[in-house]
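Text of coords.cif (mmCIF, C-alpha atoms) as supplied:
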data_protein
#
loop_
_atom_site.label_atom_id
_atom_site.label_comp_id
_atom_site.auth_asym_id
_atom_site.auth_seq_id
_atom_site.Cartn_x
_atom_site.Cartn_y
_atom_site.Cartn_z
CA MET A 305 -0.81 -39.46 32.78
CA PRO A 306 2.41 -39.03 30.75
CA ILE A 307 0.86 -36.41 28.40
CA GLN A 308 0.09 -34.18 31.38
CA PHE A 309 3.66 -34.56 32.60
CA ILE A 310 5.10 -33.67 29.17
CA LEU A 311 2.84 -30.63 28.77
CA VAL A 312 3.71 -29.31 32.23
CA ILE A 313 7.45 -29.69 31.46
CA LEU A 314 6.96 -27.79 28.16
CA ILE A 315 5.10 -25.02 29.96
CA ILE A 316 7.81 -24.76 32.63
CA LEU A 317 10.35 -24.36 29.81
CA ALA A 318 8.16 -21.62 28.27
CA VAL A 319 7.96 -19.83 31.63
CA LEU A 320 11.75 -20.05 32.05
CA ARG A 321 12.15 -18.54 28.59
CA LEU A 322 9.68 -15.82 29.60
CA LEU A 323 11.76 -15.04 32.69
CA TYR A 324 14.87 -14.86 30.53
CA GLN A 325 13.14 -12.39 28.16
CA LEU A 326 12.11 -10.25 31.14
CA LYS A 327 15.62 -10.33 32.56
CA ASN A 328 17.06 -9.16 29.21
CA LYS A 329 14.35 -6.48 29.02
CA ASN A 330 13.03 -7.84 25.71
CA ILE A 331 9.52 -7.68 27.17
CA GLY A 332 7.90 -5.36 29.70
CA PHE A 333 6.50 -6.46 33.07
CA ASN A 334 2.89 -6.23 31.85
CA GLN A 335 3.58 -8.54 28.94
CA PHE A 336 5.48 -10.92 31.24
CA PHE A 337 2.62 -10.96 33.72
CA THR A 338 -0.04 -11.61 31.04
CA TRP A 339 1.88 -14.57 29.62
CA LEU A 340 2.64 -15.90 33.13
CA VAL A 341 -1.07 -15.92 33.97
CA ILE A 342 -1.87 -17.70 30.67
CA TRP A 343 0.71 -20.41 31.35
CA LEU A 344 -0.32 -20.83 35.01
CA VAL A 345 -3.96 -21.25 33.98
CA ALA A 346 -2.77 -23.82 31.43
CA ILE A 347 -0.89 -25.76 34.17
CA VAL A 348 -3.96 -25.76 36.42
CA ILE A 349 -6.18 -27.00 33.57
CA ILE A 350 -3.72 -29.71 32.55
CA SER A 351 -3.28 -31.02 36.07
CA GLN A 352 -6.99 -30.77 36.94
CA PRO A 353 -8.86 -31.36 33.64
CA LYS A 354 -12.12 -31.80 35.57
CA ILE A 355 -12.19 -28.00 36.02
CA THR A 356 -12.82 -27.58 32.28
CA THR A 357 -15.63 -30.15 32.36
CA TYR A 358 -17.20 -28.22 35.21
CA LEU A 359 -16.83 -24.90 33.34
CA ALA A 360 -18.05 -26.52 30.11
CA THR A 361 -21.30 -27.69 31.68
CA ILE A 362 -21.84 -24.19 33.13
CA VAL A 363 -21.58 -22.55 29.67
CA GLY A 364 -23.53 -25.35 28.01
CA ILE A 365 -20.77 -27.21 26.16
CA GLY A 366 -20.66 -30.98 26.70
CA ARG A 367 -16.98 -31.77 27.13
CA GLY A 368 -14.26 -29.86 28.94
CA VAL A 369 -11.76 -30.45 26.17
CA ASP A 370 -14.13 -28.82 23.66
CA LEU A 371 -14.28 -25.69 25.84
CA ALA A 372 -10.48 -25.63 26.04
CA ILE A 373 -10.22 -25.83 22.24
CA TYR A 374 -12.84 -23.09 21.70
CA VAL A 375 -11.12 -20.75 24.16
CA SER A 376 -7.69 -21.50 22.62
CA ILE A 377 -8.95 -20.66 19.12
CA ILE A 378 -10.40 -17.36 20.34
CA VAL A 379 -7.14 -16.47 22.10
CA ILE A 380 -5.06 -17.41 19.02
CA PHE A 381 -7.26 -15.31 16.71
CA TYR A 382 -7.03 -12.36 19.07
CA LEU A 383 -3.23 -12.65 19.23
CA MET A 384 -3.05 -12.92 15.43
CA PHE A 385 -5.14 -9.78 15.11
CA ARG A 386 -2.83 -7.96 17.52
CA LEU A 387 0.20 -9.16 15.54
CA LEU A 388 -1.37 -8.03 12.26
CA LEU A 389 -1.94 -4.55 13.67
CA ARG A 390 1.60 -4.41 15.04
CA ILE A 391 3.11 -5.50 11.70
CA GLU A 392 0.96 -2.93 9.90
CA LYS A 393 2.24 -0.18 12.16
CA ILE A 394 5.86 -1.27 11.65
CA GLU A 395 5.32 -1.29 7.86
CA LYS A 396 3.98 2.27 7.99
CA ASP A 397 6.88 3.39 10.16
CA ILE A 398 9.38 1.85 7.72
CA THR A 399 7.72 3.71 4.83
CA LYS A 400 7.93 6.97 6.78
CA ILE A 401 11.64 6.47 7.42
CA VAL A 402 12.33 5.54 3.78
CA ARG A 403 10.34 8.58 2.58
CA THR A 404 12.07 11.03 4.93
CA ASP A 405 15.45 9.62 3.91
CA SER A 406 14.75 9.98 0.17
CA LEU A 407 13.48 13.57 0.55
CA LYS A 408 16.43 14.52 2.76
CA LYS A 409 18.98 13.05 0.32
CA ASN A 410 17.42 15.06 -2.51
CA ASN A 411 17.48 18.20 -0.39
CA ASP A 412 21.17 17.68 0.47
CA HIS A 413 21.92 17.05 -3.21
CA GLU A 414 20.13 20.25 -4.31
CA ASN A 415 21.87 22.33 -1.62
CA LYS A 416 25.25 21.12 -2.87
CA HIS A 417 24.53 22.39 -6.39
CA MET B 530 0.66 26.65 -13.36
CA LYS B 531 3.72 24.91 -11.96
CA THR B 532 3.26 21.28 -13.03
CA LEU B 533 5.09 18.10 -12.04
CA VAL B 534 4.86 14.73 -13.74
CA LEU B 535 5.32 12.08 -11.05
CA ILE B 536 6.60 8.69 -12.19
CA PRO B 537 6.91 5.88 -9.63
CA ALA B 538 9.42 3.33 -10.93
CA TYR B 539 10.71 -0.05 -9.83
CA ASN B 540 13.39 -1.77 -11.93
CA GLU B 541 12.39 0.08 -15.11
CA ASP B 542 15.82 0.86 -16.61
CA LYS B 543 14.81 -0.53 -20.01
CA LYS B 544 12.03 2.04 -20.52
CA ILE B 545 12.48 4.88 -18.04
CA GLY B 546 15.02 6.79 -20.16
CA ASP B 547 12.65 7.10 -23.13
CA VAL B 548 9.69 7.93 -20.90
CA VAL B 549 11.57 10.72 -19.07
CA SER B 550 12.97 12.21 -22.32
CA ASP B 551 9.54 12.09 -23.89
CA VAL B 552 7.83 13.93 -21.02
CA LYS B 553 10.72 16.40 -20.63
CA SER B 554 10.40 17.28 -24.33
CA LYS B 555 6.94 18.68 -23.49
CA GLY B 556 8.64 21.20 -21.20
CA ILE B 557 7.27 19.76 -17.94
CA ASP B 558 9.27 18.93 -14.78
CA VAL B 559 9.62 15.20 -14.20
CA LEU B 560 10.06 13.52 -10.83
CA VAL B 561 11.00 9.84 -10.77
CA VAL B 562 10.50 8.13 -7.42
CA ASP B 563 12.74 5.09 -7.66
CA ASP B 564 11.11 2.60 -5.31
CA GLY B 565 14.17 0.61 -4.30
CA SER B 566 15.21 -0.54 -7.78
CA MET B 567 18.25 -2.76 -8.08
CA ASP B 568 19.00 -1.69 -11.66
CA GLN B 569 20.00 1.62 -13.29
CA THR B 570 16.56 3.29 -13.00
CA SER B 571 17.87 6.21 -10.88
CA SER B 572 21.04 6.96 -12.83
CA ILE B 573 19.30 6.80 -16.23
CA SER B 574 16.47 9.06 -15.00
CA LEU B 575 18.99 11.59 -13.64
CA LYS B 576 20.94 11.52 -16.89
CA LYS B 577 17.76 12.24 -18.84
CA GLY B 578 17.06 15.29 -16.69
CA ALA B 579 14.52 14.03 -14.17
CA ILE B 580 14.50 14.94 -10.50
CA VAL B 581 15.08 11.65 -8.70
CA LEU B 582 14.08 10.52 -5.22
CA LYS B 583 15.24 7.07 -4.22
CA HIS B 584 13.58 4.79 -1.71
CA LYS B 585 16.32 2.69 -0.14
CA ILE B 586 14.03 -0.33 -0.07
CA ASN B 587 10.91 -1.23 -2.04
CA ARG B 588 7.78 0.14 -0.33
CA GLY B 589 5.21 -0.14 -3.11
CA GLN B 590 3.66 2.10 -5.74
CA GLY B 591 1.32 3.83 -3.28
CA ALA B 592 4.26 4.74 -1.03
CA ALA B 593 6.22 6.06 -4.03
CA ILE B 594 3.26 8.20 -5.13
CA ALA B 595 2.90 9.59 -1.58
CA THR B 596 6.63 10.44 -1.50
CA GLY B 597 6.25 12.28 -4.82
CA ILE B 598 3.23 14.21 -3.53
CA GLU B 599 5.21 15.25 -0.46
CA TYR B 600 8.03 16.49 -2.73
CA ALA B 601 5.52 18.43 -4.87
CA LYS B 602 4.04 20.09 -1.75
CA ARG B 603 7.45 21.12 -0.43
CA ASN B 604 8.41 22.57 -3.80
CA HIS B 605 5.14 24.45 -4.37
CA TYR B 606 3.89 22.63 -7.45
CA GLU B 607 0.25 23.40 -8.26
CA VAL B 608 -0.60 20.43 -10.49
CA VAL B 609 0.72 16.85 -10.21
CA VAL B 610 0.29 14.30 -13.00
CA PHE B 611 0.67 10.59 -12.18
CA PHE B 612 2.35 8.76 -15.05
CA ASP B 613 3.62 5.18 -15.56
CA ALA B 614 7.25 4.25 -16.05
CA ASP B 615 6.68 1.38 -18.46
CA GLY B 616 5.85 3.44 -21.55
CA GLN B 617 2.21 2.43 -21.91
CA MET B 618 0.92 6.01 -21.59
CA LYS B 619 1.19 8.79 -24.17
CA SER B 620 2.98 11.98 -23.09
CA GLU B 621 1.05 13.95 -25.77
CA GLU B 622 -2.05 13.37 -23.68
CA ILE B 623 -0.67 15.02 -20.51
CA ARG B 624 -1.90 18.42 -21.72
CA LYS B 625 -5.42 16.98 -22.07
CA LEU B 626 -5.36 16.01 -18.39
CA ILE B 627 -3.92 19.20 -16.94
CA ASP B 628 -5.99 21.66 -18.99
CA PRO B 629 -9.27 21.17 -17.03
CA VAL B 630 -7.31 21.64 -13.76
CA ILE B 631 -5.62 24.81 -15.03
CA LYS B 632 -8.95 26.18 -16.30
CA ASN B 633 -10.43 25.38 -12.86
CA GLU B 634 -13.08 23.10 -14.38
CA SER B 635 -12.15 20.25 -12.03
CA GLU B 636 -9.74 19.52 -9.21
CA VAL B 637 -8.88 16.05 -10.47
CA VAL B 638 -8.82 14.66 -14.01
CA LEU B 639 -8.85 10.89 -14.43
CA GLY B 640 -7.71 9.20 -17.61
CA SER B 641 -10.09 6.59 -18.96
CA ARG B 642 -8.87 3.93 -21.35
CA PHE B 643 -12.46 2.81 -21.91
CA LEU B 644 -13.51 6.28 -23.11
CA GLY B 645 -10.29 6.31 -25.10
CA LEU B 646 -8.35 3.30 -26.28
CA ALA B 647 -6.97 0.23 -24.51
CA LYS B 648 -4.67 -1.13 -27.23
CA ASN B 649 -3.93 -4.89 -27.06
CA ILE B 650 -5.48 -5.23 -23.60
CA PRO B 651 -5.35 -8.85 -22.41
CA ILE B 652 -8.82 -10.31 -21.86
CA SER B 653 -8.04 -11.27 -18.23
CA LYS B 654 -7.00 -7.68 -17.47
CA LEU B 655 -10.16 -6.37 -19.13
CA LEU B 656 -12.31 -8.63 -16.97
CA VAL B 657 -10.57 -7.62 -13.73
CA LEU B 658 -10.85 -3.92 -14.63
CA LYS B 659 -14.56 -4.23 -15.35
CA LEU B 660 -15.03 -5.92 -11.97
CA ALA B 661 -12.96 -3.12 -10.36
CA ILE B 662 -15.31 -0.54 -11.93
CA LEU B 663 -18.24 -2.34 -10.31
CA PHE B 664 -16.36 -2.57 -6.98
CA THR B 665 -15.60 1.17 -7.11
CA ARG B 666 -19.24 1.98 -7.84
CA LEU B 667 -20.37 -0.10 -4.87
CA THR B 668 -17.78 1.18 -2.38
CA THR B 669 -17.50 4.85 -3.39
CA GLY B 670 -20.62 5.60 -5.41
CA LEU B 671 -18.42 7.06 -8.17
CA LYS B 672 -19.79 6.27 -11.62
CA LEU B 673 -16.51 5.89 -13.51
CA THR B 674 -15.81 4.25 -16.83
CA ASP B 675 -12.31 3.15 -15.72
CA THR B 676 -10.53 2.54 -12.41
CA HIS B 677 -6.95 1.68 -11.51
CA ASN B 678 -5.83 3.88 -14.37
CA GLY B 679 -2.61 5.48 -13.17
CA PHE B 680 -2.88 8.39 -15.61
CA GLN B 681 -4.35 11.23 -13.51
CA ALA B 682 -3.87 14.95 -12.90
CA TRP B 683 -4.45 16.41 -9.43
CA SER B 684 -4.50 20.02 -8.31
CA MET B 685 -2.50 20.67 -5.16
CA LEU B 686 -5.67 21.91 -3.48
CA ALA B 687 -7.21 18.46 -4.00
CA LEU B 688 -4.03 16.66 -2.86
CA ASP B 689 -4.11 18.73 0.34
CA LYS B 690 -7.53 17.28 1.14
CA ILE B 691 -6.56 13.61 0.94
CA ASN B 692 -4.60 11.21 3.09
CA LEU B 693 -2.97 8.21 1.41
CA THR B 694 -2.41 5.28 3.78
CA GLN B 695 -2.02 2.37 1.36
CA ASP B 696 1.59 1.66 0.41
CA ARG B 697 0.90 -0.92 -2.27
CA GLN B 698 -1.50 -1.18 -5.21
CA ALA B 699 -4.62 -0.54 -3.13
CA TYR B 700 -3.69 3.17 -3.16
CA ALA B 701 -5.45 3.44 -6.55
CA SER B 702 -8.79 2.53 -4.97
CA GLU B 703 -7.98 4.70 -1.98
CA LEU B 704 -7.53 7.74 -4.25
CA LEU B 705 -11.04 7.20 -5.58
CA GLN B 706 -12.46 6.74 -2.08
CA GLU B 707 -10.84 10.03 -1.08
CA ILE B 708 -12.37 11.77 -4.12
CA SER B 709 -15.78 10.48 -3.06
CA GLU B 710 -15.43 11.22 0.68
CA ASN B 711 -14.05 14.74 0.19
CA ASN B 712 -16.48 15.61 -2.62
CA ILE B 713 -13.57 16.50 -4.87
CA LYS B 714 -14.66 17.81 -8.27
CA TYR B 715 -13.43 15.36 -10.92
CA LYS B 716 -13.87 14.50 -14.56
CA GLU B 717 -12.77 11.71 -16.83
CA VAL B 718 -11.01 12.26 -20.15
CA PRO B 719 -10.27 9.64 -22.81
CA VAL B 720 -6.67 8.38 -22.90
CA THR B 721 -4.77 5.70 -24.77
CA ILE B 722 -3.11 2.89 -22.86
CA GLU B 723 -1.01 0.65 -25.03
CA TYR B 724 -0.20 -2.80 -23.69
CA THR B 725 3.13 -4.07 -24.95
CA ASP B 726 4.85 -7.34 -24.13
CA TYR B 727 7.08 -5.35 -21.78
CA SER B 728 4.24 -3.63 -19.92
CA LYS B 729 2.26 -6.87 -19.66
CA GLN B 730 5.25 -8.60 -18.13
CA LYS B 731 5.93 -5.70 -15.74
CA GLY B 732 2.29 -5.08 -14.86
CA GLN B 733 0.27 -6.39 -11.97
CA SER B 734 -0.79 -10.00 -11.89
CA ILE B 735 -4.57 -10.27 -11.99
CA PHE B 736 -4.41 -12.32 -8.79
CA ASN B 737 -3.19 -9.15 -7.12
CA ALA B 738 -6.78 -7.91 -7.34
CA ILE B 739 -7.58 -10.25 -4.43
CA ASN B 740 -4.74 -8.71 -2.42
CA ILE B 741 -5.98 -5.23 -3.18
CA VAL B 742 -9.49 -5.95 -1.96
CA PHE B 743 -8.04 -7.60 1.19
CA ASN B 744 -5.83 -4.57 1.89
CA LEU B 745 -8.71 -2.16 1.41
CA LEU B 746 -10.93 -4.09 3.78
CA ILE B 747 -8.37 -4.96 6.46
CA LYS B 748 -5.77 -2.23 6.48
CA LYS B 749 -7.96 0.84 6.44
#

For this file, produce the structure as structure tokens.
Amino acid sequence: MPIQFILVILIILAVLRLLYQLKNKNIGFNQFFTWLVIWLVAIVIISQPKITTYLATIVGIGRGVDLAIYVSIIVIFYLMFRLLLRIEKIEKDITKIVRTDSLKKNNDHENKH
Amino acid sequence: MKTLVLIPAYNEDKKIGDVVSDVKSKGIDVLVVDDGSMDQTSSISLKKGAIVLKHKINRGQGAAIATGIEYAKRNHYEVVVFFDADGQMKSEEIRKLIDPVIKNESEVVLGSRFLGLAKNIPISKLLVLKLAILFTRLTTGLKLTDTHNGFQAWSMLALDKINLTQDRQAYASELLQEISENNIKYKEVPVTIEYTDYSKQKGQSIFNAINIVFNLLIKK
């Protein structure tokens, strides 16, 4: 089906981009490997959708596509949570830098006088 | 006791000069933490005799308070008074807040506008504050008559016990949680908070209350 073809092309582009990020050392090998596995699983599911139907009946969900959507939502929420934590840490680090800078400037100023 | 009045300020050049002069006239050291203002807040405060620390970028009132506390620790202050930059607090009342700390009656003194006077308080603000009192009672067990009142005096011994992690407005609730968790001896004293057109315009939007609750629940 054409939709499968389009999705596989998009995923191949994503994997190429992933390789590029690894090559430029923007991501570590672990991160690269995790994403590669996610995309490869996606390609398998897209090309053989019956797998999801099989898995769906095992876990007690009627349709394969429903299982795929449920799993996707869980993965997206998890990634959002990770992002939120990461942003929070960056915010705290920025505050620390800004604080240290302001205290140091004042110290320098007082030493001058 | 060596006392420092700590004023976090963000774009307050219209009022900060008067506020600093007023507090300085009481013979107390004033520290203005300029939280990334783009106006003349820093230069005016310096001119009026305040010690000034400047955050290069805006990090929030909680972050500014924490910077001021760090300064007070490094410079061996024994009492720190939190004071607003927008002129809605009365400098004559500072003494009332620091006296119980100096006399060792309590480690923290919290100003209460509901024991004292909340002049011209907008009804929406009143409602949110009353809800905040209920929220504080539920989350910390502290039976206060006012919360989110920035007029407070802290002994350095009490400040040494707490850890502020909230950069933005939620720090006010965090302070109360820390009082509760560390069993810090506190008391409330009546204060006057006067809402002017300027302070109402500068103050927090009531919708920010939702943000504060979110931050307290998520970012802890």

As an exercise, work out the distance from CA of Lys632 (chain B) to CA of Pro719 (chain B) in Å and give it to one decimal place.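 Rounded to one decimal, the two atoms are 17.8 Å apart.
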
Expected selection from the PyMOL selection byres ((chain B) within 10 of (chain A)), given as JSON, numbers by chain: {"B": [562, 563, 564, 565, 580, 581, 582, 583, 584, 585, 586, 587, 588, 589, 592, 593, 595, 596, 597, 599, 600, 603, 694, 695, 696, 747, 748]}

Spatial neighbours of region 372-382 of chain A, 12 Å, only C-alpha atoms, chain gap at least 2 places, as a list of chain:residue names: A:Trp339, A:Ile342, A:Val345, A:Ala346, A:Ile349, A:Ile350, A:Pro353, A:Lys354, A:Ile355, A:Thr356, A:Thr357, A:Tyr358, A:Leu359, A:Ala360, A:Val363, A:Ile365, A:Gly366, A:Arg367, A:Gly368, A:Val369, A:Asp370, A:Met384, A:Phe385, A:Arg386, A:Leu387, A:Leu388, A:Leu389

CA of Thr674 (chain B) and CA of Leu646 (chain B), how far apart in Å?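 Calculated distance between CA of Leu646 (chain B) and CA of Thr674 (chain B) is 12.1 Å.
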
Computed interatomic separation between CA of Leu535 (chain B) and CA of Val718 (chain B) (Å):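 Computing it gives 18.7 Å between the two atoms.
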
Taking 5 positions as the minimum chain separation for residues in the same chain, which residues sit within 12 Å of Val609 (chain B) when counting only C-alpha atoms? Answer as an NGL selection string. :B and (530-536 or 557-560 or 594-595 or 597-602 or 604 or 623-624 or 626-627 or 630-631 or 636-638 or 680-689)

Output of the above residues as a short mmCIF file (atom, residue, chain, number, x, y, z; two decimals), in the frame of the given file, restricted to C-alpha atoms:
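Dumped to again_13.cif:
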data_model
loop_
_atom_site.label_atom_id
_atom_site.label_comp_id
_atom_site.auth_asym_id
_atom_site.auth_seq_id
_atom_site.Cartn_x
_atom_site.Cartn_y
_atom_site.Cartn_z
CA MET B 530 0.66 26.65 -13.36
CA LYS B 531 3.72 24.91 -11.96
CA THR B 532 3.26 21.28 -13.03
CA LEU B 533 5.09 18.10 -12.04
CA VAL B 534 4.86 14.73 -13.74
CA LEU B 535 5.32 12.08 -11.05
CA ILE B 536 6.60 8.69 -12.19
CA ILE B 557 7.27 19.76 -17.94
CA ASP B 558 9.27 18.93 -14.78
CA VAL B 559 9.62 15.20 -14.20
CA LEU B 560 10.06 13.52 -10.83
CA ILE B 594 3.26 8.20 -5.13
CA ALA B 595 2.90 9.59 -1.58
CA GLY B 597 6.25 12.28 -4.82
CA ILE B 598 3.23 14.21 -3.53
CA GLU B 599 5.21 15.25 -0.46
CA TYR B 600 8.03 16.49 -2.73
CA ALA B 601 5.52 18.43 -4.87
CA LYS B 602 4.04 20.09 -1.75
CA ASN B 604 8.41 22.57 -3.80
CA ILE B 623 -0.67 15.02 -20.51
CA ARG B 624 -1.90 18.42 -21.72
CA LEU B 626 -5.36 16.01 -18.39
CA ILE B 627 -3.92 19.20 -16.94
CA VAL B 630 -7.31 21.64 -13.76
CA ILE B 631 -5.62 24.81 -15.03
CA GLU B 636 -9.74 19.52 -9.21
CA VAL B 637 -8.88 16.05 -10.47
CA VAL B 638 -8.82 14.66 -14.01
CA PHE B 680 -2.88 8.39 -15.61
CA GLN B 681 -4.35 11.23 -13.51
CA ALA B 682 -3.87 14.95 -12.90
CA TRP B 683 -4.45 16.41 -9.43
CA SER B 684 -4.50 20.02 -8.31
CA MET B 685 -2.50 20.67 -5.16
CA LEU B 686 -5.67 21.91 -3.48
CA ALA B 687 -7.21 18.46 -4.00
CA LEU B 688 -4.03 16.66 -2.86
CA ASP B 689 -4.11 18.73 0.34
#

What lies within 12 Å of Asp542 (chain B) using all atoms listed in the file, ignoring chain neighbours under 5 positions off, as an mmCIF file with C-alpha atoms, in the frame of the given file?
data_model
loop_
_atom_site.group_PDB
_atom_site.id
_atom_site.type_symbol
_atom_site.label_atom_id
_atom_site.label_comp_id
_atom_site.auth_asym_id
_atom_site.auth_seq_id
_atom_site.Cartn_x
_atom_site.Cartn_y
_atom_site.Cartn_z
ATOM 1 C CA ASP B 547 12.650 7.100 -23.130
ATOM 2 C CA VAL B 548 9.690 7.930 -20.900
ATOM 3 C CA VAL B 549 11.570 10.720 -19.070
ATOM 4 C CA VAL B 561 11.000 9.840 -10.770
ATOM 5 C CA ASP B 563 12.740 5.090 -7.660
ATOM 6 C CA SER B 566 15.210 -0.540 -7.780
ATOM 7 C CA MET B 567 18.250 -2.760 -8.080
ATOM 8 C CA ASP B 568 19.000 -1.690 -11.660
ATOM 9 C CA GLN B 569 20.000 1.620 -13.290
ATOM 10 C CA THR B 570 16.560 3.290 -13.000
ATOM 11 C CA SER B 571 17.870 6.210 -10.880
ATOM 12 C CA SER B 572 21.040 6.960 -12.830
ATOM 13 C CA ILE B 573 19.300 6.800 -16.230
ATOM 14 C CA SER B 574 16.470 9.060 -15.000
ATOM 15 C CA LEU B 575 18.990 11.590 -13.640
ATOM 16 C CA LYS B 576 20.940 11.520 -16.890
ATOM 17 C CA LYS B 577 17.760 12.240 -18.840
ATOM 18 C CA ALA B 614 7.250 4.250 -16.050
ATOM 19 C CA ASP B 615 6.680 1.380 -18.460
ATOM 20 C CA GLY B 616 5.850 3.440 -21.550
ATOM 21 C CA TYR B 727 7.080 -5.350 -21.780
ATOM 22 C CA LYS B 731 5.930 -5.700 -15.740
#

Applying 10 Å and only C-alpha atoms, which residues near Gln617 (chain B) remain after dropping the ones on its own chain fewer than 5 positions away? List them as a PDB file with C-alpha atoms, in the frame of the given file.
ATOM      1  CA  LYS B 544      12.030   2.040 -20.520  1.00  0.00           C
ATOM      2  CA  VAL B 548       9.690   7.930 -20.900  1.00  0.00           C
ATOM      3  CA  PHE B 612       2.350   8.760 -15.050  1.00  0.00           C
ATOM      4  CA  ALA B 647      -6.970   0.230 -24.510  1.00  0.00           C
ATOM      5  CA  LYS B 648      -4.670  -1.130 -27.230  1.00  0.00           C
ATOM      6  CA  THR B 721      -4.770   5.700 -24.770  1.00  0.00           C
ATOM      7  CA  ILE B 722      -3.110   2.890 -22.860  1.00  0.00           C
ATOM      8  CA  GLU B 723      -1.010   0.650 -25.030  1.00  0.00           C
ATOM      9  CA  TYR B 724      -0.200  -2.800 -23.690  1.00  0.00           C
ATOM     10  CA  THR B 725       3.130  -4.070 -24.950  1.00  0.00           C
ATOM     11  CA  TYR B 727       7.080  -5.350 -21.780  1.00  0.00           C
ATOM     12  CA  SER B 728       4.240  -3.630 -19.920  1.00  0.00           C
ATOM     13  CA  LYS B 729       2.260  -6.870 -19.660  1.00  0.00           C
TER      14      LYS B 729
END

Name the residues captured by the PyMOL selection byres ((chain A and resi 311-323) around 8) when it is applied to the shown file; answer as a ChimeraX atom specification. /A:307-310,324-327,336,339-340,343,347,350

Could you give me, as a VMD selection string, the residues within 10 Å of Glu703 (chain B), counting all atoms listed in the file and dropping anything in the same chain fewer than 2 positions from it? chain B and resid 591 665 669 691 to 695 698 to 701 705 to 709 745 749

Please give the centre and size of the box around region 550-564 of chain B (axis-aligned, containing every atom listed in the file, 5 Å added per side), with values in Å to one decimal and written as JSON.
{"center_x": 10.0, "center_y": 11.9, "center_z": -14.8, "size_x": 16.0, "size_y": 28.6, "size_z": 29.0}
